[in-house]
Amino acid sequence: MKTAHAARLIAFTVLATLSQGCKSFLDKEPLGTTTQDTLFRDPLNAVQAVNAIYDVASWDQGPKWGDPNGQFVPQTYEWMFGDVMSDDAAKGSSPSDFPTLTELKTWNIPPSNPPVTTLWVHSFTGIARANSVINNIDAGTIDAALKTRLKGEALFLRAYFYFNLVKSFGGVPLFDKTVSPKDAANVTRASIAETYAFLEKDLKAAATMLPEKDGYAAADLGRATKGAANGYLARAIMYQLGTVNGNNHTWQEVYDLTNTVITSGKYSLLPNYAQIHQTIGENSSESIFEIQFATSNDGYGPIMTGTTNNIFQNNRKTFGYGFNNPTQNLVNEFEPNDPRLECTVIKNGDVVLGIKNVIDMTENETGYLSRKVAIIAPNNTASGPQNIRKMRYADILLMKAEAAAQTSKNAEAVALVNQVRQRARTSTRPPGTTVGSLAYEPANTPAGTLPDLSTSLSGPALLNAIWHERRVEFGEESLRLWDLIRTGRYMTLLPAEVRTRALARVTKETSVNPTPLLPIPLTEVQAWNLPQNPGY
């Protein structure tokens, strides 16, 4: 679903009529000519209304909708939290560039931190757009099957935004309809368990409404599917099992949900790991959900089809800003000769997509860059065409492996991990490791590399093997922070001073492991009279 520029503009215009909120994060665009009464009588308009929700999921910066002063909210990306706040990555670039990332890394985060503010603002923008579809589409006169599918997509996306909010901020206001000015005084924060219950209900409903991946036409690949809904439900439950589990979930639920995705037969591991983050790997057999992009001549701003994700992380000596530098600690986690290492990091002198890369240590913290976001510079370097992978089939396998290990199905857990390892050891080198070439050269991996795990593994040794596999399989894919928090390993990895600050920001709700929270943006605390998170 590489949404065309014109289609995004249409979607933006259509949704201008839908969000008639009151202030701050729910006060959206001005009224247009299309009304809620007519929007869902036309299938094209109805599809564009849902496209406009996907559009918000792709935003990395832009205006703060509804702000009479036209406030611009800066970049936010999942890697700023999932990678940089973990032991997998350092901020990168020059020491003085983007100091707000240092605030995140050190848990010295003011409530005005720009990436945090943008995460909050954009998430609630997406929720408002999803609510406009969910609350109005039933009265439409479009085809019943299309109506069901579109509502399922909107429910999935509302849950997607709420999941990003709850794992970052804890419990947040729950909106299932547009909020009018008279309701503003009644807005309250839900608990973490209530927020999860809300989004779980959406995901369960979406799973009954959405088609399988092969139920879409080729032009619609990338839309939410039954597999994506079940996959995100498994992920949400797995995170709760190690944090605030007020909904009393079990590992058997994670096992059953991931098993449903696996037995659907709609997904498989892409045979060559080196292709996953290349164009050939977009919306592939391994893709559960990814955010769609296509390059254009548009630059910074939300009304674009490309992403600035690539320019922010690419080498300053090619066309990037050099952020999100993989750490030596991450590099050391890879086993000898694991082909995934070269597919994950760039070191000084490496040839990447046919171009020799020089890493200047005045513009880099660790001596490494992420290869998974390396692309050839587009015409407009702020408009990268690379899709952002949000969930892969390998994650389904490893979530099921962890659930199997937690429910005494040790042999099955080992077999699932071995599937991932077997694919990895047969990978080629990443494309373009020779100057002037984009070919995938053989890795010539020595025999005995990445041997199968022993079937005798059990208990902590098996869990550690699964966690290791997750780290090297998903390196630089923004999952590490959340894995560390839910497994209780995060605080022990932090420097003492940082640990003290992080512990002061842990939720007061009963939690399996210490669960630190980001600050709610100060403007939202003041506008909605919301209680701030601990430590801020």
# chains A, B, ... in the order shown; residues from 1 in each chain; ligands from 1
>>> residues_around(residues="Asn247 of chain A", least_positions_apart="6", cutoff="9 Å", atoms="only C-alpha atoms", output="MDAnalysis selection string")
chainID A and resid 193:194 196:197 240
>>> select_by_dssp(residues="segment 296-535 of chain A", states="helix (DSSP H, G or I)", output="PyMOL selection string")
chain A and resi 309-313+328-333+339-344+393-406+410-425+459-473+480-486+490-493+496-503+522-528
>>> closest_atom_pairs(of="segment 139-254 of chain A", to="segment 390-397 of chain A", cutoff="9 Å", atoms="only C-alpha atoms", output="JSON lines")
{"residue": "A:Ala228", "atom": "CA", "partner": "A:Met391", "partner_atom": "CA", "distance": 7.9}
{"residue": "A:Gly231", "atom": "CA", "partner": "A:Ile396", "partner_atom": "CA", "distance": 6.8}
{"residue": "A:Tyr232", "atom": "CA", "partner": "A:Met391", "partner_atom": "CA", "distance": 8.2}
{"residue": "A:Ala234", "atom": "CA", "partner": "A:Ile396", "partner_atom": "CA", "distance": 8.5}
{"residue": "A:Arg235", "atom": "CA", "partner": "A:Ile396", "partner_atom": "CA", "distance": 8.8}
>>> atom_distance(atom1="atom CA of Ala374 of chain A", atom2="atom CA of Gln313 of chain A")
7.9 Å
>>> residues_around(residues="Glu212 of chain A", least_positions_apart="2", cutoff="7 Å", atoms="only C-alpha atoms", output="PyMOL selection string")
chain A and resi 210+214-215+225-227
>>> residues_around(residues="segment 528-536 of chain A", least_positions_apart="3", cutoff="6 Å", atoms="only C-alpha atoms", output="PyMOL selection string")
chain A and resi 504-505+519+524-525
>>> residues_around(residues="segment 328-345 of chain A", least_positions_apart="4", cutoff="6 Å", atoms="only C-alpha atoms", output="ChimeraX atom specification")
/A:88,274,369-372,430
>>> residues_around(residues="Ala46 of chain A", least_positions_apart="2", cutoff="12 Å", atoms="only C-alpha atoms", output="ChimeraX atom specification")
/A:10-11,14-15,18,34-44,48-53,130,132-134,136-143,146-151,153-154
>>> residues_around(residues="Thr100 of chain A", least_positions_apart="5", cutoff="10 Å", atoms="only C-alpha atoms", output="PyMOL selection string")
chain A and resi 80+91+105+108-110+112-116
>>> closest_residue(among="A:Gln406, A:Ala401, A:Glu365, A:Ser268", to="Ser96 of chain A", atoms="only C-alpha atoms")
A:Glu365
>>> atom_distance(atom1="atom CA of Ala159 of chain A", atom2="atom CA of Gln292 of chain A")
18.1 Å
